[in-house]
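Report on one structure; see the data block that follows.
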Amino acid sequence: MKELDLKYDFKKVEKGKYKKWVEKGYFTAGDTSKKPYSIVLPPPNITGELHLGHVMNNTLPDIIIRRKRMMGFDCLWLPGMDHAGIATQAKVEEMLRKKGISKYDLGREKFLEECWKWKELYSGKISHSWEMIGLSLDYTRERFTLDEGLNHAVNYVFTKMYEEGIIYQGKRIINWDVASKTALSNIEVIYEEEDAYLYYYEYRLVDGSGSLVIATTRPETMFADQALMVNPKDKRYLGYVGKKVYVPLTDIEIPVIVDSYVDIDYGTGVVKVTPAHDPNDFEVGRRHNLAQPLCMNEDGTMNALAGKYEGLERFECRKKVLEDLKKESYFKKIEKITHAIGHSERTGVVVEPRLSKQWFVKMDKLASDVLEMQTKADEKVNFFPKRFERTFKQWLENIQDWCISRQLWWGHQIPVWYKGEEIYVGIKAPKEEGWTRDPDVLDTWFSSALWPFSTMGWPEETPDLKRYFPTDVLVTAYDIIFFWVARMVFQSKHFLGQRPFKGVLIHGLVRDEQGRKMSKSLGNGIVPEEMIDKYGVDSLRYFLATASTLGDDIRFSQEKVEAAWNYINKIWNIARYIKIQFDNASYNGEEIDKDQLSLLDKWFLTTLNKVIKEADKHLEEYRFGEAGRVIYRFIWDDFASWYLEMTKVVFTESESKDKKINTCAVLNYGLKTILKLLHPFMPFFTEEIYESYYSESIVISKWPEVNPKFSFRGVNRINIIFDIITAVRNIRAEYKIGNSKPVDLEFETNNQAFKKTIKENEAYLKRFCNYSKIQFSEKIDSQDKALRVLEDLTIAISLKDLINIEEEKERLLSEKVRLEAEINRCFKMLDNPNFVLKAPEAKVEEERNKLESYRKQLNDVLDLIKSFS
């Protein structure tokens, strides 16, 4: 056994271990003699900086896979990265702009070369973060969503779905990102409640007989208006139907039509119809055969249809139009409203509904197939926690067709070629000349949806696909259930006829200590590298894994990260103490001799069996916090505070060598077990101790199992010894009696098992209670004695020769007066309605807590006064 350093130095401990694990192939899957187990999680995108959410999202699967590997499974965790189409292109374009270069200056091929350079730079940063966190990834199988194999899978899927009529091209109102100049799918739009305005202005009748007033939030789109519309049941306006009006500020004439879509009670009951700039108007326009002109360019500026406003940015145009409407007396009024406004999930700009020719996936059949699958227990995807399945199903039940084309250069270019009116769709380019490829790329999520199986070589029937698919569990945050989880499920069901993973573990997001989302604008972000540099990665991993309930958000607490660091130090010192005892006893790895086990030993081993069983149950159900707490309580309370302390009696008293060796064997078994239980949470420091003491890696050691040989009956009798020691310690603290002063211990009990246990364990009581005399009495005389009443046992300590009784009485009486005054003060405050209703809630709660505490203290003081009477 090697010596551990005197102090735990996480920087020294964490250095070099990861590379050794990878080089030795500990994380490489492929042992066909074992049962396979595979895991999947979102591949990080190559634009993101490391944040706490990434650390948590990676720590949880690492806990799962490390434990399964130790349990004897052939484990596959396949690493990879996502090309992140919109985000990456935006970053590269921004980088080029700073150099005074446009992507158009470079052209598509040269621009893509710059994107690949970006990928190489940031993929290195991501790989470094994997190493820093300690992820047990199989690097021999690393993939990228734009690599050749995945591109083949993407083209295969697109071609097949096109041939099946599931993918189609059509004109639809889509969500348009004017900054990236690309379409967005519905779930790439983030809606935020914001203050907005309804603008009321008139459309004048061509015949000069009057006007109609409409209300709209987007007056800048009026240049693409094709009609005004009223409800056929609205008698106020039926006389206007069939007439024509001028679009304000223009000489363009549009008709007044009727449609039951109009809400009579909204605004004035008259609405403008702009088929190319509103999804509802688009449907109305199709019903009435209206034209579909656009009045905006792709970058959000106004086009020639806007007349003198051409070239203005859309919101600047709105401002100018409103000024002119007022100047020309069209404007009537403005009404402030709260409105859900869509923003691009990638760039943050306000999304523009825009008519565009795009590629879509028909979702009705794909969604219904998954919903049907979810009704079958042996085929469904199981969610942990279960409540997220309801979220998943509700989205599928209300799904819309998926817009999959993006007006970008970085990504999987759509495998479609055009020659005049002809269209060719295929995995490879057409052989003939004269064909032009569709310039658009596919939505990033289209390739990510294939991740669980395309990374294993699909559409080929590879050995990895046969062995590891479907995967056992996906780990992800709840915010991408729609983006990613649902799409993986319906693509897997459609192409492979089964679920892509048996379970989905959903975790929450990391928020600041006040529960707010971390953001640059709030300045409340936490840099993981700074926490790791201060406390080590094991501390951060442990906090993130154990600080919340499954599926709930976690509030970051540096104090708790520091507490995890203290926990590790505690275990480090336990290991050092045990090594010292091994050396002193000349212990050489002997096995436990059951015949030499004391009641304390048996209690310890039995409790450890229970901990293994309970921790296993929690870990199998992904309750990492509960598992962590079970192990923590055992290590801190049962192992460190009791068993370890009480073994000092064995090692310091005149016990036999065999007894000391056997105690070492129990300590060895206990240390090995807790290191293994903690390893998935804290891989680095557990490896340092395990490898130093046992000359092998804990990574490939065997996971602890309940050992029936070490489960004993009646061991809870030892608790009476713990209770006596605790009671004596409390009495010493209350009366300020130093531990060096011996006390006379007196017991009153009719419980013969208690008497037997006390007599058999007097050596422990001697050391930890420091008694000069111990006796059993039929009835304790309580005069001038400190008493503790337990179930079936009363403990007494005579105070005569330990404290000045009269002075203690005076002190207690003074304390009684003080506490009664404090109770009276609190009661008056809390009985005052002005205080309760007007004071801050926290202050009121503080006073309630004080009152409760003072009352408890007073009861304790009264009990002590009574003992002296």
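Ordering of the structure tokens sets the chain letters (A, B, ...), residue numbers begin anew at 1 in every chain, and ligands are numbered from 1 in the order given.
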Selection: 9 Å around Phe482 (chain A), only C-alpha atoms, excl. self and same-chain fewer than 2 positions, as a PyMOL selection string
chain A and resi 187+392+395-396+478-480+484-487
Exercise. Can you tell me, as an MDAnalysis selection string, what residues are no more than 7 Å from region 150-153 of chain A when counting only C-alpha atoms, ignoring any on the same chain fewer than 3 positions away?
Worked result: chainID A and resid 145:147 156:157 412 454:455 458:459
Can you pull out every residue within 6 Å of His507 (chain A), counting only C-alpha atoms, but drop anything in the same chain fewer than 2 positions away, and send it as an mmCIF file with all heavy atoms, in the first residue's frame?
```
data_model
loop_
_atom_site.group_PDB
_atom_site.id
_atom_site.type_symbol
_atom_site.label_atom_id
_atom_site.label_comp_id
_atom_site.auth_asym_id
_atom_site.auth_seq_id
_atom_site.Cartn_x
_atom_site.Cartn_y
_atom_site.Cartn_z
ATOM 1 N N ALA A 477 -31.936 17.302 -20.751
ATOM 2 C CA ALA A 477 -32.742 18.272 -20.003
ATOM 3 C C ALA A 477 -34.137 18.367 -20.609
ATOM 4 O O ALA A 477 -34.349 18.037 -21.772
ATOM 5 C CB ALA A 477 -32.066 19.648 -20.032
ATOM 6 N N LEU A 550 -35.035 14.496 -9.245
ATOM 7 C CA LEU A 550 -35.064 14.193 -10.674
ATOM 8 C C LEU A 550 -36.113 15.026 -11.407
ATOM 9 O O LEU A 550 -37.263 15.102 -10.999
ATOM 10 C CB LEU A 550 -35.367 12.705 -10.870
ATOM 11 C CG LEU A 550 -35.160 12.136 -12.271
ATOM 12 C CD1 LEU A 550 -33.715 12.270 -12.699
ATOM 13 C CD2 LEU A 550 -35.588 10.673 -12.302
ATOM 14 N N GLY A 551 -35.687 15.688 -12.488
ATOM 15 C CA GLY A 551 -36.605 16.463 -13.309
ATOM 16 C C GLY A 551 -36.789 17.901 -12.876
ATOM 17 O O GLY A 551 -37.347 18.703 -13.614
#
```
note - CA of Ser656 (chain A) and CA of Gln581 (chain A) are separated by 14.1 Å
Margin query: I'd like the neighbourhood of region 619-632 of chain A as a PyMOL selection string, where a residue qualifies if any of its atoms comes within 7 Å (using only C-alpha atoms), though same-chain residues fewer than 4 positions away should be ignored.
Written below: chain A and resi 545-550+611+615+636
Residue subset to file, keeping N, CA, C and O atoms, as a CSV table (one decimal), in the first residue's frame:
```
chain,number,residue,atom,x,y,z
A,545,ALA,N,-25.0,16.4,-9.1
A,545,ALA,CA,-25.7,15.1,-9.2
A,545,ALA,C,-26.6,14.9,-8.1
A,545,ALA,O,-27.6,14.2,-8.2
A,546,THR,N,-26.4,15.5,-6.9
A,546,THR,CA,-27.1,15.2,-5.7
A,546,THR,C,-28.0,16.3,-5.2
A,546,THR,O,-28.7,16.1,-4.2
A,547,ALA,N,-27.9,17.5,-5.8
A,547,ALA,CA,-28.5,18.6,-5.1
A,547,ALA,C,-30.0,18.9,-5.5
A,547,ALA,O,-30.6,19.8,-5.1
A,548,SER,N,-30.6,18.0,-6.3
A,548,SER,CA,-32.0,18.2,-6.7
A,548,SER,C,-32.7,16.9,-6.9
A,548,SER,O,-32.1,15.9,-7.0
A,549,THR,N,-34.0,17.0,-7.0
A,549,THR,CA,-34.9,15.9,-7.3
A,549,THR,C,-34.9,15.7,-8.8
A,549,THR,O,-34.9,16.7,-9.5
A,550,LEU,N,-35.0,14.5,-9.2
A,550,LEU,CA,-35.1,14.2,-10.7
A,550,LEU,C,-36.1,15.0,-11.4
A,550,LEU,O,-37.3,15.1,-11.0
A,611,VAL,N,-27.0,-0.3,3.2
A,611,VAL,CA,-26.6,0.9,2.4
A,611,VAL,C,-26.4,0.5,0.9
A,611,VAL,O,-26.9,1.2,0.0
A,615,ALA,N,-28.8,2.1,-1.9
A,615,ALA,CA,-28.2,2.9,-2.9
A,615,ALA,C,-28.4,2.3,-4.3
A,615,ALA,O,-28.7,3.1,-5.2
A,636,TRP,N,-20.6,9.5,7.0
A,636,TRP,CA,-20.4,10.6,8.0
A,636,TRP,C,-20.8,10.1,9.4
A,636,TRP,O,-20.1,10.4,10.4
```
Would you return as a ChimeraX atom specification the members of region 319-465 of chain A that DSSP assigns to strand (DSSP E) on this structure's backbone? /A:331-344,352-361,382-384,402-403,405-406,416-419,422-425,436-437,441-442
Exercise. Run DSSP on the backbone of this structure and report the residues of region 128-276 of chain A it assigns to alpha helix (DSSP H), as number ranges by chain.
Key: A: 128-133, 148-163
*Could you name the residues that touch Leu96 (chain A) at 12 Å or less, counting only C-alpha atoms, but leaving out those on the same chain fewer than 3 positions away, as an NGL selection string?*
:A and (89-93 or 99-106 or 110-111 or 114-115 or 118)
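Nearest to Ser329 (chain A) of all the residues A:Ile568, A:Val206, A:Leu249, A:Cys664 is A:Leu249, counting only C-alpha atoms.
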Taking only C-alpha atoms into account, which of A:Gly411, A:Gly80, A:Gly348, A:Pro248 comes nearest Leu112 (chain A)?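 With only C-alpha atoms as the atom set, the closest residue is A:Gly411.
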For Arg717 (chain A), list every protein, DNA or RNA residue within 10 Å, evaluated using only C-alpha atoms, and leave out those in the same chain fewer than 5 positions away; present the list as a PyMOL selection string. chain A and resi 599-600+603+722+753-754+756-758
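Omitting Ser692 (chain A) and its sequence neighbours fewer than 2 positions away, and counting only C-alpha atoms, the residues within 8 Å are Met1, Lys2, Glu3, Leu4, Glu688, Ile689, Tyr690, Tyr694 and Ser695 of chain A.
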Rounded to one decimal place, report the CA of Gly85 (chain A)-CA of Leu408 (chain A) distance in Å.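 Distance reported for this atom pair: 7.5 Å.
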Exercise. Rounded to one decimal place, report the CA of Thr47 (chain A)-CA of Ala87 (chain A) distance in Å.
Key: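 We find that CA of Thr47 (chain A) and CA of Ala87 (chain A) lie 6.7 Å from each other.
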Taking only C-alpha atoms into account, which of A:Val527, A:Ile823, A:Leu812, A:Val241 comes nearest Val861 (chain A)?
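Closest candidate: A:Leu812.
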